[in-house]
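Note: the block below is start.pdb and it holds PDB, C-alpha atoms.
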ATOM      1  CA  SER O   1      -0.059   0.146  -0.452  1.00  0.00           C
ATOM      2  CA  ALA O   2       1.872  -2.238  -2.653  1.00  0.00           C
ATOM      3  CA  VAL O   3      -0.134  -4.000  -5.346  1.00  0.00           C
ATOM      4  CA  LYS O   4      -1.592  -7.278  -4.045  1.00  0.00           C
ATOM      5  CA  SER O   5       0.509  -9.539  -6.244  1.00  0.00           C
ATOM      6  CA  ALA O   6       3.663  -8.019  -4.751  1.00  0.00           C
ATOM      7  CA  SER O   7       2.474  -8.861  -1.228  1.00  0.00           C
ATOM      8  CA  ILE O   8       1.764 -12.415  -2.358  1.00  0.00           C
ATOM      9  CA  ALA O   9       5.158 -12.756  -4.064  1.00  0.00           C
ATOM     10  CA  MET O  10       6.953 -11.387  -1.012  1.00  0.00           C
ATOM     11  CA  THR O  11       5.200 -13.772   1.391  1.00  0.00           C
ATOM     12  CA  LEU O  12       4.610 -17.002  -0.505  1.00  0.00           C
ATOM     13  CA  GLY O  13       7.491 -16.465  -2.919  1.00  0.00           C
ATOM     14  CA  ASN O  14       9.728 -15.796   0.076  1.00  0.00           C
ATOM     15  CA  ASP O  15      11.279 -12.648  -1.391  1.00  0.00           C
ATOM     16  CA  PRO O  16      12.270 -10.064   1.269  1.00  0.00           C
ATOM     17  CA  GLU O  17      13.708  -7.813  -1.468  1.00  0.00           C
ATOM     18  CA  ILE O  18      10.158  -6.677  -2.270  1.00  0.00           C
ATOM     19  CA  LYS O  19       9.894  -5.083   1.165  1.00  0.00           C
ATOM     20  CA  GLN O  20      13.118  -3.154   0.505  1.00  0.00           C
ATOM     21  CA  ILE O  21      11.781  -1.993  -2.880  1.00  0.00           C
ATOM     22  CA  HIS O  22       8.587  -0.828  -1.159  1.00  0.00           C
ATOM     23  CA  GLU O  23      10.500   1.092   1.510  1.00  0.00           C
ATOM     24  CA  ASN O  24      12.638   2.805  -1.137  1.00  0.00           C
ATOM     25  CA  ALA O  25       9.584   3.842  -3.180  1.00  0.00           C
ATOM     26  CA  VAL O  26       7.892   5.214  -0.048  1.00  0.00           C
ATOM     27  CA  ARG O  27      10.998   7.213   0.826  1.00  0.00           C
ATOM     28  CA  ILE O  28      11.213   8.748  -2.666  1.00  0.00           C
ATOM     29  CA  ALA O  29       7.508   9.677  -2.641  1.00  0.00           C
ATOM     30  CA  MET O  30       7.778  11.249   0.809  1.00  0.00           C
ATOM     31  CA  GLN O  31      10.871  13.207  -0.205  1.00  0.00           C
ATOM     32  CA  ALA O  32       8.941  14.561  -3.190  1.00  0.00           C
ATOM     33  CA  MET O  33       6.174  15.622  -0.815  1.00  0.00           C
ATOM     34  CA  GLU O  34       8.718  17.224   1.492  1.00  0.00           C
ATOM     35  CA  ARG O  35       9.966  19.457  -1.331  1.00  0.00           C
ATOM     36  CA  ASP O  36       6.436  20.850  -1.718  1.00  0.00           C
ATOM     37  CA  LEU O  37       5.819  21.728   1.917  1.00  0.00           C
ATOM     38  CA  LEU O  38       4.374  25.071   2.920  1.00  0.00           C
ATOM     39  CA  ALA O  39       4.602  26.738   6.319  1.00  0.00           C
ATOM     40  CA  GLN O  40       2.029  29.024   7.876  1.00  0.00           C
ATOM     41  CA  ALA O  41       4.059  32.232   7.968  1.00  0.00           C
ATOM     42  CA  ASN O  42       1.475  34.484   9.534  1.00  0.00           C
ATOM     43  CA  THR O  43       2.267  37.989  10.806  1.00  0.00           C
ATOM     44  CA  HIS O  44      -0.443  40.658  10.662  1.00  0.00           C
ATOM     45  CA  VAL O  45      -1.974  38.917   7.648  1.00  0.00           C
ATOM     46  CA  ARG O  46      -2.245  35.268   6.686  1.00  0.00           C
ATOM     47  CA  GLY O  47       0.721  34.153   4.597  1.00  0.00           C
ATOM     48  CA  TYR O  48       2.680  31.093   3.531  1.00  0.00           C
ATOM     49  CA  GLU O  49       6.333  30.258   3.090  1.00  0.00           C
ATOM     50  CA  ASP O  50       7.865  27.595   0.864  1.00  0.00           C
ATOM     51  CA  VAL O  51      10.023  25.244   2.893  1.00  0.00           C
ATOM     52  CA  SER O  52      11.707  21.971   1.978  1.00  0.00           C
ATOM     53  CA  GLU O  53      12.287  20.322   5.311  1.00  0.00           C
ATOM     54  CA  GLY O  54       9.659  18.515   7.314  1.00  0.00           C
ATOM     55  CA  LEU O  55       9.645  15.814   9.951  1.00  0.00           C
ATOM     56  CA  TRP O  56       8.054  12.485   9.063  1.00  0.00           C
ATOM     57  CA  CYS O  57       8.298   8.807   9.945  1.00  0.00           C
ATOM     58  CA  SER O  58       7.112   5.623   8.267  1.00  0.00           C
ATOM     59  CA  PHE O  59       5.575   2.489   9.776  1.00  0.00           C
ATOM     60  CA  ILE O  60       5.697  -0.629   7.576  1.00  0.00           C
ATOM     61  CA  HIS O  61       2.899  -3.186   7.948  1.00  0.00           C
ATOM     62  CA  GLN O  62       2.702  -6.519   6.134  1.00  0.00           C
ATOM     63  CA  GLU O  63      -0.843  -7.688   6.910  1.00  0.00           C
ATOM     64  CA  SER O  64      -4.415  -6.443   6.561  1.00  0.00           C
ATOM     65  CA  ARG O  65      -7.042  -6.341   9.280  1.00  0.00           C
ATOM     66  CA  ALA O  66      -8.212  -9.836  10.213  1.00  0.00           C
ATOM     67  CA  VAL O  67     -11.456 -11.386   8.978  1.00  0.00           C
ATOM     68  CA  LEU O  68     -13.332 -14.192  10.751  1.00  0.00           C
ATOM     69  CA  THR O  69     -12.572 -17.301   8.695  1.00  0.00           C
ATOM     70  CA  GLN O  70     -13.645 -20.931   8.946  1.00  0.00           C
ATOM     71  CA  LEU O  71     -10.575 -23.175   8.937  1.00  0.00           C
ATOM     72  CA  LYS O  72     -10.392 -26.977   8.910  1.00  0.00           C
ATOM     73  CA  ASN O  73     -10.989 -27.487  12.608  1.00  0.00           C
ATOM     74  CA  LYS O  74     -11.902 -24.071  14.028  1.00  0.00           C
ATOM     75  CA  SER O  75     -12.906 -20.497  13.315  1.00  0.00           C
ATOM     76  CA  ALA O  76     -10.211 -17.861  13.592  1.00  0.00           C
ATOM     77  CA  TYR O  77      -9.538 -14.246  12.704  1.00  0.00           C
ATOM     78  CA  VAL O  78      -7.199 -14.425   9.713  1.00  0.00           C
ATOM     79  CA  PRO O  79      -5.464 -11.410   8.136  1.00  0.00           C
ATOM     80  CA  GLU O  80      -4.148 -11.389   4.573  1.00  0.00           C
ATOM     81  CA  MET O  81      -0.700 -10.428   3.366  1.00  0.00           C
ATOM     82  CA  ASN O  82      -0.842  -6.714   2.601  1.00  0.00           C
ATOM     83  CA  LEU O  83       2.413  -4.756   2.347  1.00  0.00           C
ATOM     84  CA  HIS O  84       1.718  -1.090   3.105  1.00  0.00           C
ATOM     85  CA  SER O  85       3.060   1.931   4.955  1.00  0.00           C
ATOM     86  CA  HIS O  86       1.558   4.473   7.317  1.00  0.00           C
ATOM     87  CA  ASN O  87       3.482   7.724   6.984  1.00  0.00           C
ATOM     88  CA  LEU O  88       3.163  10.326   9.716  1.00  0.00           C
ATOM     89  CA  LEU O  89       4.000  13.932   8.810  1.00  0.00           C
ATOM     90  CA  PHE O  90       4.364  16.117  11.886  1.00  0.00           C
ATOM     91  CA  ASN O  91       2.766  19.547  12.117  1.00  0.00           C
ATOM     92  CA  MET O  92       6.107  21.354  12.143  1.00  0.00           C
ATOM     93  CA  VAL O  93       8.451  22.471   9.367  1.00  0.00           C
ATOM     94  CA  TRP O  94      11.795  24.221   9.474  1.00  0.00           C
ATOM     95  CA  SER O  95      12.064  27.769   8.157  1.00  0.00           C
ATOM     96  CA  GLU O  96      15.610  28.504   7.059  1.00  0.00           C
ATOM     97  CA  SER O  97      14.884  32.215   6.665  1.00  0.00           C
ATOM     98  CA  ARG O  98      13.483  32.557  10.176  1.00  0.00           C
ATOM     99  CA  GLN O  99      15.652  29.883  11.793  1.00  0.00           C
ATOM    100  CA  CYS O 100      12.723  28.361  13.626  1.00  0.00           C
ATOM    101  CA  PHE O 101       9.953  25.769  13.333  1.00  0.00           C
ATOM    102  CA  LEU O 102       6.591  26.847  11.914  1.00  0.00           C
ATOM    103  CA  ALA O 103       3.225  25.140  11.629  1.00  0.00           C
ATOM    104  CA  LEU O 104       2.586  23.057   8.523  1.00  0.00           C
ATOM    105  CA  GLU O 105       0.111  24.216   5.885  1.00  0.00           C
ATOM    106  CA  ASN O 106      -1.152  20.962   4.344  1.00  0.00           C
ATOM    107  CA  GLN O 107      -3.567  22.225   1.683  1.00  0.00           C
ATOM    108  CA  ARG O 108      -1.104  21.900  -1.210  1.00  0.00           C
ATOM    109  CA  ILE O 109       0.167  18.409  -0.410  1.00  0.00           C
ATOM    110  CA  LYS O 110      -3.371  17.165   0.251  1.00  0.00           C
ATOM    111  CA  TYR O 111      -4.451  18.461  -3.153  1.00  0.00           C
ATOM    112  CA  GLN O 112      -1.435  16.807  -4.794  1.00  0.00           C
ATOM    113  CA  ALA O 113      -1.836  13.445  -2.993  1.00  0.00           C
ATOM    114  CA  PRO O 114      -2.553  11.506  -6.236  1.00  0.00           C
ATOM    115  CA  PHE O 115       0.744  12.849  -7.625  1.00  0.00           C
ATOM    116  CA  TYR O 116       2.756  11.456  -4.698  1.00  0.00           C
ATOM    117  CA  GLU O 117       0.894   8.148  -4.986  1.00  0.00           C
ATOM    118  CA  ALA O 118       1.872   8.013  -8.664  1.00  0.00           C
ATOM    119  CA  ILE O 119       5.518   8.643  -7.726  1.00  0.00           C
ATOM    120  CA  PHE O 120       5.380   5.715  -5.296  1.00  0.00           C
ATOM    121  CA  HIS O 121       3.941   3.328  -7.876  1.00  0.00           C
ATOM    122  CA  SER O 122       6.363   4.509 -10.553  1.00  0.00           C
ATOM    123  CA  HIS O 123       9.377   3.678  -8.410  1.00  0.00           C
ATOM    124  CA  PHE O 124       7.842   0.551  -6.897  1.00  0.00           C
ATOM    125  CA  SER O 125       7.023  -0.946 -10.314  1.00  0.00           C
ATOM    126  CA  LYS O 126      10.475   0.036 -11.609  1.00  0.00           C
ATOM    127  CA  GLY O 127      12.066  -1.675  -8.613  1.00  0.00           C
ATOM    128  CA  LEU O 128      10.050  -4.849  -9.188  1.00  0.00           C
ATOM    129  CA  LYS O 129      11.211  -4.980 -12.814  1.00  0.00           C
ATOM    130  CA  GLU O 130      14.829  -4.416 -11.838  1.00  0.00           C
ATOM    131  CA  ALA O 131      14.481  -7.255  -9.323  1.00  0.00           C
ATOM    132  CA  GLY O 132      13.505  -9.620 -12.145  1.00  0.00           C
ATOM    133  CA  TYR O 133       9.700  -9.549 -12.120  1.00  0.00           C
ATOM    134  CA  SER O 134       7.559  -9.196 -15.225  1.00  0.00           C
ATOM    135  CA  LEU O 135       4.564  -6.854 -14.914  1.00  0.00           C
ATOM    136  CA  ARG O 136       1.225  -6.515 -16.668  1.00  0.00           C
ATOM    137  CA  GLN O 137      -1.248  -3.654 -16.803  1.00  0.00           C
ATOM    138  CA  THR O 138      -4.667  -4.086 -15.207  1.00  0.00           C
ATOM    139  CA  PRO O 139      -8.016  -2.761 -16.492  1.00  0.00           C
ATOM    140  CA  GLU O 140      -8.014  -0.292 -13.574  1.00  0.00           C
ATOM    141  CA  GLY O 141      -4.848   1.341 -14.906  1.00  0.00           C
ATOM    142  CA  ARG O 142      -2.512  -0.226 -12.343  1.00  0.00           C
ATOM    143  CA  TYR O 143      -0.185  -3.205 -12.659  1.00  0.00           C
ATOM    144  CA  GLU O 144       0.340  -6.666 -11.189  1.00  0.00           C
ATOM    145  CA  ILE O 145       3.144  -9.225 -11.330  1.00  0.00           C
ATOM    146  CA  ASN O 146       2.878 -11.666 -14.221  1.00  0.00           C
ATOM    147  CA  GLY O 147       2.363 -15.231 -13.067  1.00  0.00           C
ATOM    148  CA  ILE O 148      -0.023 -14.223 -10.277  1.00  0.00           C
ATOM    149  CA  SER O 149      -3.506 -14.445 -11.755  1.00  0.00           C
ATOM    150  CA  ARG O 150      -6.592 -12.508 -10.757  1.00  0.00           C
ATOM    151  CA  SER O 151      -8.065 -15.712  -9.309  1.00  0.00           C
ATOM    152  CA  THR O 152      -4.991 -16.116  -7.064  1.00  0.00           C
ATOM    153  CA  ILE O 153      -5.261 -12.486  -5.918  1.00  0.00           C
ATOM    154  CA  GLU O 154      -8.941 -13.067  -5.045  1.00  0.00           C
ATOM    155  CA  LYS O 155      -7.926 -15.917  -2.722  1.00  0.00           C
ATOM    156  CA  TYR O 156      -6.145 -13.343  -0.557  1.00  0.00           C
ATOM    157  CA  SER O 157      -8.675 -10.496  -0.735  1.00  0.00           C
ATOM    158  CA  SER O 158     -11.109 -11.482   2.028  1.00  0.00           C
ATOM    159  CA  ARG O 159     -10.932  -8.050   3.688  1.00  0.00           C
ATOM    160  CA  THR O 160     -11.852  -6.309   0.422  1.00  0.00           C
ATOM    161  CA  LYS O 161     -14.728  -8.738  -0.087  1.00  0.00           C
ATOM    162  CA  GLU O 162     -15.947  -8.116   3.469  1.00  0.00           C
ATOM    163  CA  ILE O 163     -16.008  -4.334   2.901  1.00  0.00           C
ATOM    164  CA  GLU O 164     -17.769  -4.701  -0.459  1.00  0.00           C
ATOM    165  CA  GLN O 165     -20.411  -6.944   1.152  1.00  0.00           C
ATOM    166  CA  ILE O 166     -21.081  -4.366   3.893  1.00  0.00           C
ATOM    167  CA  ILE O 167     -21.528  -1.680   1.221  1.00  0.00           C
ATOM    168  CA  ARG O 168     -24.043  -3.888  -0.615  1.00  0.00           C
ATOM    169  CA  ASP O 169     -25.923  -4.904   2.530  1.00  0.00           C
ATOM    170  CA  LYS O 170     -26.247  -1.310   3.757  1.00  0.00           C
ATOM    171  CA  LYS O 171     -26.916   0.004   0.227  1.00  0.00           C
ATOM    172  CA  ILE O 172     -24.232   2.671   0.581  1.00  0.00           C
ATOM    173  CA  THR O 173     -23.887   4.811  -2.543  1.00  0.00           C
ATOM    174  CA  ASP O 174     -22.123   7.954  -1.329  1.00  0.00           C
ATOM    175  CA  ALA O 175     -18.411   7.876  -2.260  1.00  0.00           C
ATOM    176  CA  LYS O 176     -17.255   9.407   1.035  1.00  0.00           C
ATOM    177  CA  ALA O 177     -19.372   6.995   3.052  1.00  0.00           C
ATOM    178  CA  LYS O 178     -17.943   4.059   1.084  1.00  0.00           C
ATOM    179  CA  ALA O 179     -14.418   5.235   1.867  1.00  0.00           C
ATOM    180  CA  GLN O 180     -15.194   5.141   5.601  1.00  0.00           C
ATOM    181  CA  VAL O 181     -16.634   1.624   5.672  1.00  0.00           C
ATOM    182  CA  GLY O 182     -13.259  -0.052   6.209  1.00  0.00           C
ATOM    183  CA  ALA O 183     -12.305   2.131   9.171  1.00  0.00           C
ATOM    184  CA  LEU O 184     -15.728   1.821  10.810  1.00  0.00           C
ATOM    185  CA  ASN O 185     -16.033  -1.956  10.386  1.00  0.00           C
ATOM    186  CA  ARG O 186     -12.889  -3.718  11.516  1.00  0.00           C
ATOM    187  CA  VAL O 187     -11.750  -5.869  14.393  1.00  0.00           C
ATOM    188  CA  THR O 188      -8.875  -4.928  16.656  1.00  0.00           C
ATOM    189  CA  LYS O 189      -5.386  -5.977  15.674  1.00  0.00           C
ATOM    190  CA  SER O 190      -5.227  -8.305  18.671  1.00  0.00           C
ATOM    191  CA  LYS O 191      -7.785 -10.551  16.943  1.00  0.00           C
ATOM    192  CA  ALA O 192      -5.103 -11.511  14.414  1.00  0.00           C
ATOM    193  CA  GLU O 193      -3.198 -13.159  17.257  1.00  0.00           C
ATOM    194  CA  ASP O 194      -5.512 -16.185  16.979  1.00  0.00           C
ATOM    195  CA  LEU O 195      -2.790 -17.764  14.807  1.00  0.00           C
ATOM    196  CA  SER O 196       0.976 -17.832  15.116  1.00  0.00           C
ATOM    197  CA  LYS O 197       3.069 -16.603  12.178  1.00  0.00           C
ATOM    198  CA  GLU O 198       3.843 -20.213  11.246  1.00  0.00           C
ATOM    199  CA  GLU O 199       0.165 -21.220  11.387  1.00  0.00           C
ATOM    200  CA  LEU O 200      -0.848 -18.185   9.351  1.00  0.00           C
ATOM    201  CA  LEU O 201       1.678 -19.012   6.624  1.00  0.00           C
ATOM    202  CA  GLU O 202       0.315 -22.570   6.423  1.00  0.00           C
ATOM    203  CA  VAL O 203      -3.259 -21.257   6.155  1.00  0.00           C
ATOM    204  CA  TRP O 204      -2.197 -19.076   3.220  1.00  0.00           C
ATOM    205  CA  LYS O 205      -0.311 -21.923   1.524  1.00  0.00           C
ATOM    206  CA  GLU O 206      -3.281 -24.285   1.819  1.00  0.00           C
ATOM    207  CA  ARG O 207      -5.277 -22.080  -0.559  1.00  0.00           C
ATOM    208  CA  LEU O 208      -2.930 -22.969  -3.414  1.00  0.00           C
ATOM    209  CA  THR O 209      -2.180 -26.208  -5.223  1.00  0.00           C
ATOM    210  CA  PRO O 210       1.437 -27.465  -5.104  1.00  0.00           C
ATOM    211  CA  ASP O 211       1.884 -26.352  -8.732  1.00  0.00           C
ATOM    212  CA  GLU O 212       0.549 -22.857  -7.986  1.00  0.00           C
ATOM    213  CA  LEU O 213       2.867 -22.495  -4.993  1.00  0.00           C
ATOM    214  CA  ASN O 214       5.842 -23.707  -7.016  1.00  0.00           C
ATOM    215  CA  ALA O 215       5.031 -21.187  -9.760  1.00  0.00           C
ATOM    216  CA  LEU O 216       4.976 -18.369  -7.187  1.00  0.00           C
ATOM    217  CA  GLN O 217       8.425 -19.348  -5.990  1.00  0.00           C
ATOM    218  CA  ASN O 218       9.853 -19.229  -9.511  1.00  0.00           C
ATOM    219  CA  LEU O 219       8.388 -15.999 -10.884  1.00  0.00           C
ATOM    220  CA  LYS O 220      11.788 -14.408 -11.547  1.00  0.00           C
ATOM    221  CA  THR O 221      13.026 -17.310 -13.657  1.00  0.00           C
ATOM    222  CA  THR O 222       9.828 -17.701 -15.705  1.00  0.00           C
ATOM    223  CA  THR O 223       9.571 -15.971 -19.073  1.00  0.00           C
ATOM    224  CA  PHE O 224       6.373 -14.047 -19.752  1.00  0.00           C
ATOM    225  CA  SER O 225       5.255 -12.146 -22.837  1.00  0.00           C
ATOM    226  CA  GLU O 226       5.101  -8.481 -21.835  1.00  0.00           C
ATOM    227  CA  GLU O 227       2.713  -5.884 -23.198  1.00  0.00           C
ATOM    228  CA  LYS O 228       4.042  -3.119 -25.399  1.00  0.00           C
ATOM    229  CA  PRO O 229       4.553   0.051 -23.277  1.00  0.00           C
ATOM    230  CA  LEU O 230       2.278   2.989 -24.009  1.00  0.00           C
ATOM    231  CA  THR O 231       3.739   5.857 -25.968  1.00  0.00           C
ATOM    232  CA  PRO O 232       3.430   9.374 -24.482  1.00  0.00           C
ATOM    233  CA  ALA O 233       0.727  10.178 -27.027  1.00  0.00           C
ATOM    234  CA  GLU O 234      -1.270   7.041 -26.122  1.00  0.00           C
ATOM    235  CA  ALA O 235      -1.007   7.798 -22.417  1.00  0.00           C
ATOM    236  CA  VAL O 236      -2.601  11.250 -22.723  1.00  0.00           C
TER
END
Would you write the structure of this file as structure tokens?
Amino acid sequence: SAVKSASIAMTLGNDPEIKQIHENAVRIAMQAMERDLLAQANTHVRGYEDVSEGLWCSFIHQESRAVLTQLKNKSAYVPEMNLHSHNLLFNMVWSESRQCFLALENQRIKYQAPFYEAIFHSHFSKGLKEAGYSLRQTPEGRYEINGISRSTIEKYSSRTKEIEQIIRDKKITDAKAKAQVGALNRVTKSKAEDLSKEELLEVWKERLTPDELNALQNLKTTTFSEEKPLTPAEAV
């Protein structure tokens, strides 16, 4: 997923370039994963073969799951802007030595998943900077776009708040169980059809003051003081 401030800037700042930057970063991360693919090359004993060609596809989504929200004159299921990709890697890889398709062995790429995620964020953040955005580091070790405050991000994090409330109400402490809460507690995508795209955009805009909305639409031309980058020694 893109960082939240990028989704906000893309939608309310009306910047389609952010989607292109996201797609490019996803492609680079997936290509890095592809270079690490293993095939199940079993004969009489279990074995593996390094391959560098897999088959994958990417589905770009721009909204989160909807949350029941009270609007001015009605209740409706309202999603939030949330730029993210679902990448499907098929269980088949090409063996150049055997000239045939073999089954995928996914243990290595699953183990290295945080590495591919880091590649995505490295290229996504670089793309945002090259597009004219100023970035800041967050306490969690990530980054957000300068000019989009934490309080603004919270205005568009209703799905996260809903999940956190379920965890508190059910007193869930197990890490794996927490990770499953989102998937097990969500409405169908058809619920988000309560509002048209135009109505949804107006609902999002109404959460901001005119000055806040104007600031979002001028992030690239605003000068921000940037933090000093970490040295290699400081990063270790």
Between atom CA of Glu63 of chain O and atom CA of Thr209 of chain O lies a distance of 22.2 Å
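For the pair atom CA of Leu83 of chain O and atom CA of Ser157 of chain O, the interatomic distance is 12.9 Å.
Taking atom CA of Val26 of chain O and atom CA of Met10 of chain O as the two end points, the separation is 16.7 Å.
Selection check: the PyMOL selection byres ((chain O and resi 14) around 12) on the shown file gives Ala6, Ser7, Ile8, Ala9, Met10, Thr11, Leu12, Gly13, Asp15, Pro16, Glu17, Ile18, Lys19, Leu201, Lys205, Leu213, Asn214, Leu216, Gln217, Asn218, Leu219 and Lys220 of chain O.
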For C-alpha atoms, I'd like the residues from the last selection saved as a short mmCIF file (atom, residue, chain, number, x, y, z; two decimals), in the frame of the given file.
data_model
loop_
_atom_site.label_atom_id
_atom_site.label_comp_id
_atom_site.auth_asym_id
_atom_site.auth_seq_id
_atom_site.Cartn_x
_atom_site.Cartn_y
_atom_site.Cartn_z
CA ALA O 6 3.66 -8.02 -4.75
CA SER O 7 2.47 -8.86 -1.23
CA ILE O 8 1.76 -12.42 -2.36
CA ALA O 9 5.16 -12.76 -4.06
CA MET O 10 6.95 -11.39 -1.01
CA THR O 11 5.20 -13.77 1.39
CA LEU O 12 4.61 -17.00 -0.50
CA GLY O 13 7.49 -16.46 -2.92
CA ASP O 15 11.28 -12.65 -1.39
CA PRO O 16 12.27 -10.06 1.27
CA GLU O 17 13.71 -7.81 -1.47
CA ILE O 18 10.16 -6.68 -2.27
CA LYS O 19 9.89 -5.08 1.16
CA LEU O 201 1.68 -19.01 6.62
CA LYS O 205 -0.31 -21.92 1.52
CA LEU O 213 2.87 -22.50 -4.99
CA ASN O 214 5.84 -23.71 -7.02
CA LEU O 216 4.98 -18.37 -7.19
CA GLN O 217 8.43 -19.35 -5.99
CA ASN O 218 9.85 -19.23 -9.51
CA LEU O 219 8.39 -16.00 -10.88
CA LYS O 220 11.79 -14.41 -11.55
#
Could you state which residues are captured by the PyMOL selection byres ((chain O and resi 101-106) around 9) in this file, as a PDB file with C-alpha atoms, in the frame of the given file?
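File produced: result.pdb:
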ATOM      1  CA  LEU O  37       5.819  21.728   1.917  1.00  0.00           C
ATOM      2  CA  LEU O  38       4.374  25.071   2.920  1.00  0.00           C
ATOM      3  CA  ALA O  39       4.602  26.738   6.319  1.00  0.00           C
ATOM      4  CA  GLN O  40       2.029  29.024   7.876  1.00  0.00           C
ATOM      5  CA  ALA O  41       4.059  32.232   7.968  1.00  0.00           C
ATOM      6  CA  TYR O  48       2.680  31.093   3.531  1.00  0.00           C
ATOM      7  CA  GLY O  54       9.659  18.515   7.314  1.00  0.00           C
ATOM      8  CA  PHE O  90       4.364  16.117  11.886  1.00  0.00           C
ATOM      9  CA  ASN O  91       2.766  19.547  12.117  1.00  0.00           C
ATOM     10  CA  MET O  92       6.107  21.354  12.143  1.00  0.00           C
ATOM     11  CA  VAL O  93       8.451  22.471   9.367  1.00  0.00           C
ATOM     12  CA  TRP O  94      11.795  24.221   9.474  1.00  0.00           C
ATOM     13  CA  SER O  95      12.064  27.769   8.157  1.00  0.00           C
ATOM     14  CA  GLU O  96      15.610  28.504   7.059  1.00  0.00           C
ATOM     15  CA  ARG O  98      13.483  32.557  10.176  1.00  0.00           C
ATOM     16  CA  GLN O  99      15.652  29.883  11.793  1.00  0.00           C
ATOM     17  CA  CYS O 100      12.723  28.361  13.626  1.00  0.00           C
ATOM     18  CA  GLN O 107      -3.567  22.225   1.683  1.00  0.00           C
ATOM     19  CA  ARG O 108      -1.104  21.900  -1.210  1.00  0.00           C
ATOM     20  CA  ILE O 109       0.167  18.409  -0.410  1.00  0.00           C
ATOM     21  CA  LYS O 110      -3.371  17.165   0.251  1.00  0.00           C
ATOM     22  CA  TYR O 111      -4.451  18.461  -3.153  1.00  0.00           C
TER      23      TYR O 111
END
Tell me which protein, DNA and RNA residues are within 9 Å of Trp204 of chain O, counting all atoms listed in the file, leaving out same-chain ones fewer than 6 positions away, and put them as a PDB file with C-alpha atoms, in the frame of the given file.
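Output saved as result27.pdb:
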ATOM      1  CA  LEU O  12       4.610 -17.002  -0.505  1.00  0.00           C
ATOM      2  CA  GLU O  80      -4.148 -11.389   4.573  1.00  0.00           C
ATOM      3  CA  MET O  81      -0.700 -10.428   3.366  1.00  0.00           C
ATOM      4  CA  LYS O 155      -7.926 -15.917  -2.722  1.00  0.00           C
ATOM      5  CA  TYR O 156      -6.145 -13.343  -0.557  1.00  0.00           C
TER       6      TYR O 156
END
Would you pick out the contacts of Ala76 of chain O at 9 Å or less, using all atoms listed in the file, so that residues sharing its chain but fewer than 3 positions from it are not included, and give the list as a PyMOL selection string?
chain O and resi 66-71+191-192+194-195
Box centre and edge lengths (Å, one decimal), axis-aligned, segment 26-43 of chain O plus 4 Å each side, as lines of an AutoDock Vina configuration file:
center_x = 6.3
center_y = 21.6
center_z = 3.8
size_x = 17.7
size_y = 40.8
size_z = 22.0
Check what the PyMOL selection byres ((chain O and resi 145) around 10) selects in the file above and give those residues as a ChimeraX atom specification.
/O:3-6,8-9,125,128-129,133-137,143-144,146-149,219
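Minimum atom-to-atom distances from O:Ser97, O:Ala32, O:Trp56, O:Arg65 to Thr160 of chain O were compared using all atoms listed in the file, and the lowest value belongs to O:Arg65.
Candidate residues O:Ser225, O:Asn42, O:Ser58, O:Thr173 were compared for distance to Ser85 of chain O, and the nearest is O:Ser58, using only C-alpha atoms.
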